[in-house]
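See below for input-v9.cif, which holds mmCIF, C-alpha atoms and all ligand atoms.
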```cif
data_structure
#
loop_
_atom_site.label_atom_id
_atom_site.label_comp_id
_atom_site.auth_asym_id
_atom_site.auth_seq_id
_atom_site.Cartn_x
_atom_site.Cartn_y
_atom_site.Cartn_z
CA MET M 1 -4.56 10.97 -43.22
CA ALA M 2 -3.59 12.55 -39.92
CA VAL M 3 -6.30 13.79 -37.63
CA GLN M 4 -7.28 17.38 -38.40
CA PRO M 5 -9.38 20.06 -36.72
CA LEU M 6 -12.97 20.20 -37.99
CA THR M 7 -14.40 23.43 -39.32
CA ASP M 8 -17.05 25.22 -37.25
CA GLN M 9 -19.59 24.32 -39.91
CA GLU M 10 -18.69 20.63 -39.74
CA ILE M 11 -18.82 20.70 -35.94
CA GLN M 12 -22.33 22.22 -36.02
CA ARG M 13 -23.44 19.62 -38.57
CA ARG M 14 -22.15 16.73 -36.44
CA LEU M 15 -23.62 18.19 -33.24
CA GLU M 16 -27.10 17.71 -34.72
CA GLN M 17 -26.58 13.97 -34.15
CA LEU M 18 -25.58 14.52 -30.50
CA PRO M 19 -28.40 16.19 -28.58
CA GLY M 20 -27.20 17.51 -25.23
CA TRP M 21 -23.65 18.12 -26.41
CA SER M 22 -22.38 21.60 -27.05
CA PHE M 23 -19.38 23.29 -28.60
CA ALA M 24 -17.65 26.25 -26.95
CA ASP M 25 -14.06 27.36 -26.40
CA ASP M 26 -12.75 24.67 -28.77
CA ARG M 27 -14.28 21.86 -26.70
CA LEU M 28 -17.16 19.42 -26.96
CA SER M 29 -19.00 19.15 -23.65
CA ARG M 30 -21.94 17.53 -21.97
CA THR M 31 -23.23 17.09 -18.42
CA TYR M 32 -25.09 13.91 -17.45
CA VAL M 33 -27.43 13.84 -14.43
CA PHE M 34 -28.25 10.71 -12.37
CA LYS M 35 -30.35 9.51 -9.47
CA GLY M 36 -27.30 9.39 -7.20
CA HIS M 37 -23.56 9.06 -6.85
CA PRO M 38 -23.04 5.34 -7.60
CA GLN M 39 -24.68 5.72 -11.00
CA ALA M 40 -22.58 8.76 -11.84
CA ALA M 41 -19.39 7.03 -10.71
CA GLY M 42 -20.32 3.96 -12.75
CA LEU M 43 -20.48 6.03 -15.90
CA VAL M 44 -17.08 7.57 -15.18
CA ALA M 45 -15.54 4.10 -14.79
CA GLU M 46 -16.95 2.89 -18.09
CA ILE M 47 -15.90 6.09 -19.88
CA ALA M 48 -12.37 5.49 -18.62
CA THR M 49 -12.38 2.03 -20.19
CA ILE M 50 -13.62 3.39 -23.52
CA GLN M 51 -11.02 6.15 -23.45
CA GLU M 52 -8.22 3.64 -23.03
CA GLU M 53 -9.62 1.60 -25.90
CA LEU M 54 -9.78 4.67 -28.17
CA ASP M 55 -6.56 6.18 -26.79
CA HIS M 56 -8.49 9.41 -26.51
CA HIS M 57 -9.24 10.99 -23.15
CA SER M 58 -11.70 13.62 -22.00
CA ASP M 59 -11.60 15.77 -18.88
CA LEU M 60 -14.16 14.26 -16.51
CA THR M 61 -15.73 15.84 -13.43
CA LEU M 62 -17.64 13.70 -10.95
CA GLY M 63 -20.10 15.39 -8.63
CA TYR M 64 -22.77 13.93 -6.34
CA ASN M 65 -25.13 13.04 -9.16
CA LYS M 66 -23.50 14.64 -12.19
CA VAL M 67 -20.76 13.78 -14.63
CA GLY M 68 -19.20 16.47 -16.78
CA VAL M 69 -17.39 15.47 -19.97
CA SER M 70 -15.24 17.92 -21.89
CA VAL M 71 -12.92 16.99 -24.72
CA ASN M 72 -10.75 18.25 -27.52
CA THR M 73 -7.68 16.85 -29.24
CA HIS M 74 -4.35 17.81 -27.70
CA SER M 75 -2.28 16.61 -30.65
CA VAL M 76 -3.74 19.31 -32.93
CA GLY M 77 -3.28 22.07 -30.39
CA GLY M 78 -6.59 21.71 -28.55
CA LYS M 79 -9.12 21.76 -31.37
CA VAL M 80 -12.16 19.57 -31.97
CA THR M 81 -11.61 16.64 -34.33
CA GLY M 82 -13.46 13.53 -35.42
CA LEU M 83 -11.85 11.68 -32.51
CA ASP M 84 -13.79 13.88 -30.09
CA PHE M 85 -17.05 13.09 -31.85
CA GLU M 86 -16.20 9.39 -31.85
CA LEU M 87 -15.69 9.46 -28.08
CA ALA M 88 -18.87 11.50 -27.55
CA ALA M 89 -20.90 9.02 -29.60
CA ARG M 90 -19.51 6.08 -27.61
CA ILE M 91 -20.42 7.80 -24.32
CA GLU M 92 -23.92 8.53 -25.59
CA GLU M 93 -24.39 4.81 -26.30
CA ILE M 94 -23.66 3.73 -22.73
CA ALA M 95 -24.95 6.65 -20.62
CA PRO M 96 -28.58 5.41 -20.61
CA GLN M 97 -27.43 2.05 -19.20
CA HIS M 98 -26.17 3.93 -16.13
CA GLY M 99 -29.48 5.70 -15.65
CA ALA M 100 -28.51 9.06 -17.10
CA ARG M 101 -31.56 11.30 -17.23
CA THR M 102 -32.70 12.12 -20.69
CA ASP M 103 -34.09 15.60 -19.87
C1 LIG M 201 0.42 9.12 -26.60
C2 LIG M 201 -1.10 9.13 -26.65
O1 LIG M 201 -1.52 8.28 -27.68
C3 LIG M 201 -1.65 10.50 -26.89
O2 LIG M 201 -1.11 11.37 -25.90
C4 LIG M 201 -3.16 10.57 -26.91
C5 LIG M 201 -3.79 10.18 -25.59
N1 LIG M 201 -5.11 10.76 -25.39
C6 LIG M 201 -5.47 11.89 -26.00
N2 LIG M 201 -6.61 12.49 -25.68
C7 LIG M 201 -6.97 13.63 -26.24
N3 LIG M 201 -8.13 14.20 -25.87
N4 LIG M 201 -6.21 14.22 -27.16
C8 LIG M 201 -5.04 13.69 -27.57
O3 LIG M 201 -4.37 14.26 -28.44
C9 LIG M 201 -4.64 12.47 -26.99
N5 LIG M 201 -3.53 11.89 -27.34
#
```
Full structure transcribed into structure tokens:
Amino acid sequence: MAVQPLTDQEIQRRLEQLPGWSFADDRLSRTYVFKGHPQAAGLVAEIATIQEELDHHSDLTLGYNKVGVSVNTHSVGGKVTGLDFELAARIEEIAPQHGARTD
């Protein structure tokens, strides 16, 4: 079955498994905070690899010690789908390895 937008209720249910992520303006978002720039940049590089593997791409912002991730699914007109949650879960798996703060 083709990818479909999730209902608000389903989004809220899935967000319970992703502490730190939020839903607003039809996007899933999270900011990660690091000790410094190399760690933040390292996460961005690994996210890029995962995004190519999934063929699903977030908007990333790299600051001095922060990485912002924001994603929805263009092919359904910019709504949140299971693909966005799949990417978020993959990023959550690797962020601690780059020293992302857990607070
Ligand atoms: C052709 C290519 O598979 C599509 O454009 C993919 C690429 N990455 C994507 N990323 C996101 N976030 N949404 C999409 O619909 C999407 N589509």
**Report entry** Residue with smallest distance to Ser29 (chain M) - pool M:Leu54, M:Val69, M:Leu87, M:Ala45, counting only C-alpha atoms
**Finding:** M:Val69
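When CA of Ile91 (chain M) is paired with CA of Gln4 (chain M), their separation reads 21.5 Å.
Our summary of the geometry notes that atom C4 of ligand LIG 201 (chain M) is positioned 28.6 Å from CA of Tyr64 (chain M).
Taking all atoms listed in the file into account, the residues that come within 7 Å of ligand LIG 201 (chain M) are Asp55, His56, His57, Ser58, Val71, Asn72, Thr73, His74, Ser75 and Val76 of chain M.
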Could those residues be written to a file, using C-alpha atoms, as an mmCIF file, keeping the file's coordinate frame?
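In the end it all went to part_14.cif:
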```cif
data_model
loop_
_atom_site.group_PDB
_atom_site.id
_atom_site.type_symbol
_atom_site.label_atom_id
_atom_site.label_comp_id
_atom_site.auth_asym_id
_atom_site.auth_seq_id
_atom_site.Cartn_x
_atom_site.Cartn_y
_atom_site.Cartn_z
ATOM 1 C CA ASP M 55 -6.560 6.180 -26.790
ATOM 2 C CA HIS M 56 -8.490 9.410 -26.510
ATOM 3 C CA HIS M 57 -9.240 10.990 -23.150
ATOM 4 C CA SER M 58 -11.700 13.620 -22.000
ATOM 5 C CA VAL M 71 -12.920 16.990 -24.720
ATOM 6 C CA ASN M 72 -10.750 18.250 -27.520
ATOM 7 C CA THR M 73 -7.680 16.850 -29.240
ATOM 8 C CA HIS M 74 -4.350 17.810 -27.700
ATOM 9 C CA SER M 75 -2.280 16.610 -30.650
ATOM 10 C CA VAL M 76 -3.740 19.310 -32.930
#
```
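Nearest-residue note for Val44 (chain M): choosing from M:His98, M:Ala88, M:Gln9, M:Phe23, the minimum distance belongs to M:His98, counting only C-alpha atoms.
You will find CA of Gly36 (chain M) at 9.5 Å from CA of Gly99 (chain M).
Counting all atoms listed in the file, the residue from M:Ile50, M:Leu28, M:Leu18, M:Val67 that sits nearest to Asp84 (chain M) is M:Leu28.
Residue nearest Gly42 (chain M), chosen from M:Lys66, M:Arg90, M:Arg13, M:Lys79 and counting all atoms listed in the file: M:Lys66.
Distances here use all atoms listed in the file; by that measure, the residue among M:Met1, M:Ala100, M:Ala40, M:Val80 closest to Gly20 (chain M) is M:Ala100.
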Report summary line: Counting only C-alpha atoms, closest pick from M:Leu83, M:Thr49, M:Pro38, M:Ser70 relative to Asp26 (chain M) is M:Ser70
Repair of region 50-61 of chain M at the level of all heavy atoms, as an mmCIF file, keeping the file's coordinate frame:
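Heads up, here's the output in result_26.cif:
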```cif
data_model
loop_
_atom_site.group_PDB
_atom_site.id
_atom_site.type_symbol
_atom_site.label_atom_id
_atom_site.label_comp_id
_atom_site.auth_asym_id
_atom_site.auth_seq_id
_atom_site.Cartn_x
_atom_site.Cartn_y
_atom_site.Cartn_z
ATOM 1 N N ILE M 50 -13.471 3.033 -22.101
ATOM 2 C CA ILE M 50 -13.620 3.390 -23.520
ATOM 3 C C ILE M 50 -12.464 4.298 -23.954
ATOM 4 O O ILE M 50 -11.908 4.140 -25.049
ATOM 5 C CB ILE M 50 -14.976 4.088 -23.750
ATOM 6 C CG1 ILE M 50 -16.111 3.090 -23.593
ATOM 7 C CG2 ILE M 50 -15.032 4.764 -25.120
ATOM 8 C CD1 ILE M 50 -17.493 3.727 -23.522
ATOM 9 N N GLN M 51 -12.090 5.207 -23.091
ATOM 10 C CA GLN M 51 -11.020 6.150 -23.450
ATOM 11 C C GLN M 51 -9.691 5.438 -23.648
ATOM 12 O O GLN M 51 -8.912 5.790 -24.532
ATOM 13 C CB GLN M 51 -10.921 7.241 -22.380
ATOM 14 C CG GLN M 51 -12.152 8.132 -22.424
ATOM 15 C CD GLN M 51 -12.141 9.289 -21.455
ATOM 16 O OE1 GLN M 51 -12.862 10.272 -21.654
ATOM 17 N NE2 GLN M 51 -11.365 9.207 -20.401
ATOM 18 N N GLU M 52 -9.449 4.424 -22.842
ATOM 19 C CA GLU M 52 -8.220 3.640 -23.030
ATOM 20 C C GLU M 52 -8.281 2.878 -24.348
ATOM 21 O O GLU M 52 -7.280 2.795 -25.069
ATOM 22 C CB GLU M 52 -8.035 2.687 -21.848
ATOM 23 C CG GLU M 52 -7.559 3.391 -20.591
ATOM 24 C CD GLU M 52 -6.135 3.899 -20.736
ATOM 25 O OE1 GLU M 52 -5.196 3.086 -20.662
ATOM 26 O OE2 GLU M 52 -5.966 5.125 -20.940
ATOM 27 N N GLU M 53 -9.444 2.341 -24.638
ATOM 28 C CA GLU M 53 -9.620 1.600 -25.900
ATOM 29 C C GLU M 53 -9.372 2.516 -27.106
ATOM 30 O O GLU M 53 -8.705 2.143 -28.073
ATOM 31 C CB GLU M 53 -11.049 1.043 -25.942
ATOM 32 C CG GLU M 53 -11.393 0.212 -27.153
ATOM 33 C CD GLU M 53 -12.895 -0.035 -27.216
ATOM 34 O OE1 GLU M 53 -13.511 -0.298 -26.153
ATOM 35 O OE2 GLU M 53 -13.457 0.063 -28.307
ATOM 36 N N LEU M 54 -9.910 3.728 -27.052
ATOM 37 C CA LEU M 54 -9.780 4.670 -28.170
ATOM 38 C C LEU M 54 -8.443 5.421 -28.144
ATOM 39 O O LEU M 54 -8.102 6.100 -29.116
ATOM 40 C CB LEU M 54 -10.919 5.701 -28.143
ATOM 41 C CG LEU M 54 -12.347 5.181 -28.323
ATOM 42 C CD1 LEU M 54 -13.335 6.350 -28.257
ATOM 43 C CD2 LEU M 54 -12.499 4.439 -29.647
ATOM 44 N N ASP M 55 -7.738 5.342 -27.028
ATOM 45 C CA ASP M 55 -6.560 6.180 -26.790
ATOM 46 C C ASP M 55 -6.905 7.649 -27.006
ATOM 47 O O ASP M 55 -6.189 8.401 -27.667
ATOM 48 C CB ASP M 55 -5.375 5.756 -27.669
ATOM 49 C CG ASP M 55 -4.085 6.432 -27.221
ATOM 50 O OD1 ASP M 55 -4.003 6.822 -26.045
ATOM 51 O OD2 ASP M 55 -3.179 6.604 -28.060
ATOM 52 N N HIS M 56 -8.037 8.032 -26.421
ATOM 53 C CA HIS M 56 -8.490 9.410 -26.510
ATOM 54 C C HIS M 56 -9.226 9.718 -25.212
ATOM 55 O O HIS M 56 -10.124 8.959 -24.825
ATOM 56 C CB HIS M 56 -9.411 9.592 -27.720
ATOM 57 C CG HIS M 56 -9.526 11.021 -28.142
ATOM 58 N ND1 HIS M 56 -8.454 11.744 -28.630
ATOM 59 C CD2 HIS M 56 -10.574 11.877 -28.123
ATOM 60 C CE1 HIS M 56 -8.849 12.979 -28.903
ATOM 61 N NE2 HIS M 56 -10.127 13.085 -28.603
ATOM 62 N N HIS M 57 -8.844 10.797 -24.538
ATOM 63 C CA HIS M 57 -9.240 10.990 -23.150
ATOM 64 C C HIS M 57 -9.857 12.374 -22.924
ATOM 65 O O HIS M 57 -9.250 13.389 -23.267
ATOM 66 C CB HIS M 57 -8.011 10.838 -22.242
ATOM 67 C CG HIS M 57 -7.329 9.510 -22.395
ATOM 68 N ND1 HIS M 57 -6.480 9.236 -23.438
ATOM 69 C CD2 HIS M 57 -7.416 8.391 -21.667
ATOM 70 C CE1 HIS M 57 -6.049 7.980 -23.331
ATOM 71 N NE2 HIS M 57 -6.617 7.449 -22.261
ATOM 72 N N SER M 58 -11.024 12.356 -22.328
ATOM 73 C CA SER M 58 -11.700 13.620 -22.000
ATOM 74 C C SER M 58 -11.297 14.065 -20.591
ATOM 75 O O SER M 58 -10.724 13.296 -19.814
ATOM 76 C CB SER M 58 -13.216 13.435 -22.049
ATOM 77 O OG SER M 58 -13.624 12.527 -21.049
ATOM 78 N N ASP M 59 -11.659 15.292 -20.257
ATOM 79 C CA ASP M 59 -11.600 15.770 -18.880
ATOM 80 C C ASP M 59 -12.955 15.452 -18.255
ATOM 81 O O ASP M 59 -13.993 15.890 -18.770
ATOM 82 C CB ASP M 59 -11.343 17.276 -18.828
ATOM 83 C CG ASP M 59 -9.972 17.630 -19.384
ATOM 84 O OD1 ASP M 59 -9.077 16.772 -19.307
ATOM 85 O OD2 ASP M 59 -9.811 18.742 -19.906
ATOM 86 N N LEU M 60 -12.927 14.699 -17.162
ATOM 87 C CA LEU M 60 -14.160 14.260 -16.510
ATOM 88 C C LEU M 60 -14.277 14.913 -15.144
ATOM 89 O O LEU M 60 -13.285 14.974 -14.401
ATOM 90 C CB LEU M 60 -14.153 12.745 -16.337
ATOM 91 C CG LEU M 60 -14.208 11.929 -17.624
ATOM 92 C CD1 LEU M 60 -13.820 10.482 -17.353
ATOM 93 C CD2 LEU M 60 -15.594 12.018 -18.233
ATOM 94 N N THR M 61 -15.485 15.369 -14.796
ATOM 95 C CA THR M 61 -15.730 15.840 -13.430
ATOM 96 C C THR M 61 -16.861 15.011 -12.854
ATOM 97 O O THR M 61 -17.898 14.812 -13.502
ATOM 98 C CB THR M 61 -16.106 17.329 -13.389
ATOM 99 O OG1 THR M 61 -17.212 17.561 -14.270
ATOM 100 C CG2 THR M 61 -14.951 18.198 -13.816
#
```
